[in-house]
Amino acid sequence: MRRANSDPGAARFLLIALLFAFVLFFLVFPVCVVVYEALRGGFALYFSALTADHSVSAIRLTLLVALAVVPLNTIFGVCAAWAVTHFKFRGKALLISLIEIPLWVSPVIGGLIFALIFGRQGFLGPWLDAHDIQIMFAYPAIVLATAFVTFPFVARGLIPLMQSQGSAEEEAALTLGANGWQLFWRVTFPKIKWGILYGMILCNARAMGEFGAVSVVAGSVDDRITMPLQIEQYFLNFGLQQAFALASLLLLLSALTLAIKIALEWRHLAPNIVHRH
Amino acid sequence: MSVAVSHISKQFETRGQRAVAALRDVSLEVQTGELLALLGPSGSGKTTLLRIIAGLEIPDAGQVTFVGEDVTEKSAYERKAGFVFQAYALFQHMTVFENIAFGLRVLPAKKRPKADAIVKRVTELLQLIQLEGYEKRLPSQLSGGQRQRVALARALAIEPRVLLLDEPFGALDAKVRKDLRKWLRHFHDQTHLTSLFVTHDQDEAFELADRVVIFNEGRIQQIGSVAELRENPVNDFVREFLEV
């Protein structure tokens, strides 16, 4: 009997060729275009595009947002994974599903939620106005919207990892007199540190690249927009070369993320327990 | 009386089903210096009782006392019962030395021994379990019998008031099991540490224990020495269980 993978050569060739064509057209070609367009005017122009005031402030804001969002969601993710794997409680399955909401909700909706809460006509808007607290169209709103979108990344990776490890070592540590803090840092953390790093890398990549949610809450003030929004601004204002220069930075980030992700999966995490988005 | 449980009940909820009683009104005393076996078929609730004594499971009702002190409300890390887990539960990322030293390192600063005292204590324990020279190995580099002994040394390092062993020889092959059984009996004869172990193997229970508790369906059926149980089984279950 012939096995499935030794089916007639033509179909096999066609499918593999199709796959390659697909990957080339949709993934490799755009990357090449971005790099080519960014560098077409030479390195001097490339660097001047990256060091332009708008670019610098966008890069700065993006880094500041990631700096707040990644730790926030890491702490949340570890707490959530801990609670889900070590405690028995009602509604656990529901909670695990709820954590995933940002993965299937359009990011624009994430942004809108915060606009509805903190905006001028929003729920808390008048109170914030009265106390002169600026959340919308400023750093806090961008952080909140980005945090919403990247909320599940650390937790979703850690939950299956920690479930597969069980809690036997934690129970042993308890009977040996370890308190909660010692238990976490001495027993649990060493087992999950690579899983945490993995989630942080993915969370960071998504946080820096987020467009939809941030575009709702960031407004259009030039010095208060992140890299993806600045790329759009450049693009709309015929600053094509600058747009591609800034885009190449985001691409570099993606390439780095991919490299670290592969290295982590290969070195430290069994492939079957790493969650794939 | 060293360790006692009185009127312990525990139910487990299974989704979509009625609650299953794991333990029903169980009372038991382990005498000081005694080696007691909890013997029963799997699912009879004996491991649950052991976990309740250690504080890893909370009973629905009843009381646990250690040397006269009521520890029912105390958490596992305050009770510090020496617990040897069925699958050992060694810390995979720590060396043998660090595994054994763990219980000493997590002591509050005031009670924690100095570094050289920890080395001395761990070295003594390594001698006791005949694993000198293995301190730098990781658990994954040990055989089953060696892991079992490290788990035991780790539990003994905190000088527990009671030693609890959950199916201590379950995962070992016949030869190693026999040797370790002898070793444990010998160890107990020397230290007289109050010990309670769970097993489903009656040879093991009868060879090792001073007294045996026969367990079934969450209830104690009978407690006694081997001879007492064989001569006067209280009910059909005990009689049939011992005949098999």
# chains A, B, ... in the order shown; residues from 1 in each chain; ligands from 1

call {"tool": "closest_atom_pairs", "arguments": {"of": "chain B", "to": "chain A", "cutoff": "6 Å", "atoms": "only C-alpha atoms", "output": "JSON lines"}}
result
{"residue": "B:Ala76", "atom": "CA", "partner": "A:Thr175", "partner_atom": "CA", "distance": 5.4}
{"residue": "B:Tyr77", "atom": "CA", "partner": "A:Gly177", "partner_atom": "CA", "distance": 4.0}
{"residue": "B:Lys80", "atom": "CA", "partner": "A:Thr175", "partner_atom": "CA", "distance": 5.1}
{"residue": "B:Ala89", "atom": "CA", "partner": "A:Glu169", "partner_atom": "CA", "distance": 5.0}
{"residue": "B:Gly103", "atom": "CA", "partner": "A:Leu176", "partner_atom": "CA", "distance": 4.8}
{"residue": "B:Val106", "atom": "CA", "partner": "A:Ala178", "partner_atom": "CA", "distance": 5.5}

call {"tool": "write_last_selection", "arguments": {"atoms": "C-alpha atoms", "output": "short mmCIF file (atom, residue, chain, number, x, y, z; two decimals), in the first residue's frame"}}
result
data_model
loop_
_atom_site.label_atom_id
_atom_site.label_comp_id
_atom_site.auth_asym_id
_atom_site.auth_seq_id
_atom_site.Cartn_x
_atom_site.Cartn_y
_atom_site.Cartn_z
CA ALA B 76 1.44 22.38 55.78
CA TYR B 77 4.47 24.63 56.12
CA LYS B 80 6.44 20.35 58.89
CA ALA B 89 8.80 15.14 43.97
CA GLY B 103 14.25 22.52 54.50
CA VAL B 106 14.02 28.07 54.14
#

call {"tool": "select_by_dssp", "arguments": {"residues": "range 134-224 of chain A", "states": "helix (DSSP H, G or I)", "output": "tab-separated table (two decimals) with C-alpha atoms, in the first residue's frame"}}
result
chain	number	residue	atom	x	y	z
A	139	TYR	CA	0.58	57.91	27.67
A	140	PRO	CA	-1.80	56.28	30.22
A	141	ALA	CA	-4.43	55.49	27.58
A	142	ILE	CA	-1.86	54.09	25.17
A	143	VAL	CA	-0.50	51.85	27.93
A	144	LEU	CA	-4.00	50.66	28.86
A	145	ALA	CA	-5.01	49.92	25.27
A	146	THR	CA	-1.74	48.09	24.59
A	147	ALA	CA	-2.04	46.17	27.85
A	148	PHE	CA	-5.52	45.03	26.83
A	149	VAL	CA	-4.33	43.70	23.48
A	150	THR	CA	-1.27	41.91	24.91
A	152	PRO	CA	-3.07	36.96	27.30
A	153	PHE	CA	0.45	36.38	26.01
A	154	VAL	CA	2.31	35.46	29.20
A	155	ALA	CA	-0.61	33.69	30.87
A	156	ARG	CA	-1.52	31.59	27.85
A	157	GLY	CA	2.00	30.25	27.54
A	158	LEU	CA	2.46	29.59	31.25
A	159	ILE	CA	-0.83	27.85	32.04
A	160	PRO	CA	-0.18	24.71	29.94
A	161	LEU	CA	3.48	24.70	31.04
A	162	MET	CA	2.59	24.84	34.72
A	163	GLN	CA	-0.26	22.37	34.36
A	164	SER	CA	2.10	19.87	32.77
A	165	GLN	CA	4.54	20.31	35.64
A	168	ALA	CA	4.19	17.95	43.47
A	169	GLU	CA	7.41	19.94	43.95
A	170	GLU	CA	5.45	22.83	45.44
A	171	GLU	CA	3.75	20.47	47.89
A	172	ALA	CA	7.12	19.02	48.85
A	173	ALA	CA	8.46	22.52	49.49
A	174	LEU	CA	5.42	23.25	51.69
A	175	THR	CA	5.95	20.20	53.87
A	180	GLY	CA	4.68	31.23	49.72
A	181	TRP	CA	7.44	33.61	48.72
A	182	GLN	CA	10.19	30.99	49.09
A	183	LEU	CA	8.02	28.47	47.31
A	184	PHE	CA	7.68	30.71	44.28
A	185	TRP	CA	11.26	31.94	43.99
A	186	ARG	CA	13.06	28.75	44.91
A	187	VAL	CA	10.84	26.07	43.39
A	188	THR	CA	8.36	27.41	40.83
A	189	PHE	CA	10.30	30.25	39.22
A	190	PRO	CA	13.30	28.15	38.15
A	191	LYS	CA	10.89	25.80	36.38
A	192	ILE	CA	8.98	28.51	34.52
A	193	LYS	CA	11.56	31.24	33.92
A	194	TRP	CA	12.06	30.34	30.25
A	195	GLY	CA	8.30	30.16	29.77
A	196	ILE	CA	7.99	33.64	31.30
A	197	LEU	CA	10.71	34.97	29.01
A	198	TYR	CA	8.98	33.38	26.03
A	199	GLY	CA	5.70	35.09	26.92
A	200	MET	CA	7.47	38.41	27.53
A	201	ILE	CA	9.13	38.31	24.11
A	202	LEU	CA	5.82	37.70	22.36
A	203	CYS	CA	4.07	40.29	24.51
A	204	ASN	CA	6.79	42.83	23.72
A	205	ALA	CA	6.63	42.26	19.97
A	206	ARG	CA	2.89	42.66	19.97
A	207	ALA	CA	3.01	45.71	22.26
A	208	MET	CA	5.49	47.56	20.05
A	209	GLY	CA	3.63	46.73	16.88
A	212	GLY	CA	-5.59	49.39	16.07
A	213	ALA	CA	-6.22	49.83	19.77
A	214	VAL	CA	-3.65	52.59	20.12
A	215	SER	CA	-4.97	54.51	17.11
A	216	VAL	CA	-8.30	55.00	18.88
A	217	VAL	CA	-6.86	56.36	22.12
A	218	ALA	CA	-3.72	58.12	20.90
A	222	ASP	CA	2.48	64.31	16.54
A	223	ASP	CA	4.60	63.88	19.64
A	224	ARG	CA	2.14	61.49	21.29

call {"tool": "atom_distance", "arguments": {"atom1": "CA of Ile231 in chain A", "atom2": "CA of Ala243 in chain A"}}
result
4.7 Å

call {"tool": "atom_distance", "arguments": {"atom1": "CA of Ser248 in chain A", "atom2": "CA of Val108 in chain A"}}
result
24.1 Å

call {"tool": "residues_around", "arguments": {"residues": "Glu159 in chain B", "least_positions_apart": "2", "cutoff": "9 Å", "atoms": "only C-alpha atoms", "output": "list in words"}}
result
Lys80, Ala81, Gly82, Ala155, Leu156, Ala157, Arg161 and Val162 of chain B

call {"tool": "atom_distance", "arguments": {"atom1": "CA of Glu243 in chain B", "atom2": "CA of Phe197 in chain B"}}
result
21.5 Å

call {"tool": "closest_residue", "arguments": {"among": "B:Phe215, B:Phe187, B:Phe206, B:Phe83", "to": "Leu128 in chain B", "atoms": "only C-alpha atoms"}}
result
B:Phe187

call {"tool": "residues_around", "arguments": {"residues": "Val84 in chain B", "least_positions_apart": "2", "cutoff": "9 Å", "atoms": "only C-alpha atoms", "output": "number ranges by chain"}}
result
A: 172; B: 82, 86-89, 148, 151-152, 154-155, 163-168

call {"tool": "residues_around", "arguments": {"residues": "His192 in chain B", "least_positions_apart": "4", "cutoff": "7 Å", "atoms": "only C-alpha atoms", "output": "list in words"}}
result
Gly33, Glu34 and His188 of chain B

call {"tool": "decode", "arguments": {"residues": "range 140-176 of chain B", "atoms": "N, CA and C atoms", "output": "CSV table (one decimal), in the first residue's frame"}}
result
chain,number,residue,atom,x,y,z
B,140,SER,N,17.7,13.8,38.0
B,140,SER,CA,17.6,13.1,36.8
B,140,SER,C,18.7,12.1,36.5
B,141,GLN,N,19.8,12.3,37.3
B,141,GLN,CA,21.0,11.4,37.1
B,141,GLN,C,21.1,10.3,38.1
B,142,LEU,N,20.0,10.1,38.8
B,142,LEU,CA,19.9,9.0,39.9
B,142,LEU,C,19.0,7.9,39.5
B,143,SER,N,19.2,6.7,40.0
B,143,SER,CA,18.2,5.6,39.8
B,143,SER,C,17.0,5.8,40.7
B,144,GLY,N,16.0,5.0,40.5
B,144,GLY,CA,14.8,5.2,41.3
B,144,GLY,C,15.0,5.0,42.8
B,145,GLY,N,15.8,4.0,43.2
B,145,GLY,CA,16.1,3.7,44.6
B,145,GLY,C,16.9,4.9,45.2
B,146,GLN,N,17.8,5.4,44.4
B,146,GLN,CA,18.6,6.6,44.9
B,146,GLN,C,17.7,7.8,45.1
B,147,ARG,N,16.8,8.0,44.2
B,147,ARG,CA,15.9,9.2,44.3
B,147,ARG,C,15.1,9.0,45.6
B,148,GLN,N,14.6,7.8,45.8
B,148,GLN,CA,13.8,7.5,47.0
B,148,GLN,C,14.5,7.9,48.2
B,149,ARG,N,15.8,7.5,48.3
B,149,ARG,CA,16.6,7.7,49.5
B,149,ARG,C,16.8,9.2,49.7
B,150,VAL,N,17.1,9.9,48.6
B,150,VAL,CA,17.2,11.4,48.6
B,150,VAL,C,16.0,12.1,49.2
B,151,ALA,N,14.8,11.6,48.7
B,151,ALA,CA,13.5,12.1,49.1
B,151,ALA,C,13.4,11.9,50.7
B,152,LEU,N,13.8,10.8,51.1
B,152,LEU,CA,13.8,10.5,52.5
B,152,LEU,C,14.7,11.4,53.3
B,153,ALA,N,15.9,11.5,52.8
B,153,ALA,CA,16.9,12.4,53.5
B,153,ALA,C,16.4,13.8,53.6
B,154,ARG,N,15.8,14.3,52.5
B,154,ARG,CA,15.3,15.6,52.4
B,154,ARG,C,14.2,15.8,53.5
B,155,ALA,N,13.3,14.8,53.7
B,155,ALA,CA,12.3,14.9,54.7
B,155,ALA,C,12.9,14.9,56.1
B,156,LEU,N,14.0,14.1,56.3
B,156,LEU,CA,14.5,13.9,57.6
B,156,LEU,C,15.3,15.2,58.0
B,157,ALA,N,15.8,15.9,57.0
B,157,ALA,CA,16.7,17.1,57.3
B,157,ALA,C,16.0,18.1,58.3
B,158,ILE,N,14.7,18.2,58.2
B,158,ILE,CA,14.0,19.2,59.1
B,158,ILE,C,13.7,18.6,60.5
B,159,GLU,N,14.2,17.4,60.7
B,159,GLU,CA,13.9,16.7,62.0
B,159,GLU,C,12.4,16.7,62.3
B,160,PRO,N,11.6,16.1,61.5
B,160,PRO,CA,10.2,16.1,61.7
B,160,PRO,C,9.7,15.3,62.9
B,161,ARG,N,8.5,15.7,63.4
B,161,ARG,CA,8.0,15.0,64.5
B,161,ARG,C,7.4,13.6,64.0
B,162,VAL,N,7.0,13.6,62.8
B,162,VAL,CA,6.4,12.4,62.2
B,162,VAL,C,6.9,12.2,60.8
B,163,LEU,N,7.1,11.0,60.3
B,163,LEU,CA,7.5,10.8,58.9
B,163,LEU,C,6.3,10.1,58.2
B,164,LEU,N,5.9,10.7,57.1
B,164,LEU,CA,4.8,10.2,56.4
B,164,LEU,C,5.3,9.7,55.0
B,165,LEU,N,5.0,8.5,54.6
B,165,LEU,CA,5.5,7.9,53.4
B,165,LEU,C,4.3,7.4,52.5
B,166,ASP,N,4.2,8.0,51.3
B,166,ASP,CA,3.1,7.6,50.4
B,166,ASP,C,3.6,6.6,49.4
B,167,GLU,N,3.2,5.3,49.5
B,167,GLU,CA,3.6,4.2,48.6
B,167,GLU,C,5.1,4.3,48.4
B,168,PRO,N,5.9,4.2,49.5
B,168,PRO,CA,7.3,4.5,49.4
B,168,PRO,C,8.1,3.6,48.4
B,169,PHE,N,7.6,2.4,48.1
B,169,PHE,CA,8.3,1.5,47.3
B,169,PHE,C,7.6,1.2,46.0
B,170,GLY,N,6.5,2.0,45.7
B,170,GLY,CA,5.6,1.6,44.6
B,170,GLY,C,6.3,1.7,43.3
B,171,ALA,N,7.2,2.6,43.1
B,171,ALA,CA,7.8,2.8,41.7
B,171,ALA,C,9.1,2.0,41.5
B,172,LEU,N,9.4,1.1,42.4
B,172,LEU,CA,10.8,0.5,42.3
B,172,LEU,C,10.6,-0.9,41.9
B,173,ASP,N,11.7,-1.5,41.3
B,173,ASP,CA,11.7,-2.9,40.9
B,173,ASP,C,11.9,-3.8,42.1
B,174,ALA,N,11.5,-5.1,42.0
B,174,ALA,CA,11.4,-6.0,43.1
B,174,ALA,C,12.6,-6.0,44.0
B,175,LYS,N,13.8,-6.1,43.4
B,175,LYS,CA,15.1,-6.3,44.1
B,175,LYS,C,15.3,-5.1,45.0
B,176,VAL,N,15.3,-3.9,44.3
B,176,VAL,CA,15.5,-2.6,45.0
B,176,VAL,C,14.5,-2.5,46.2
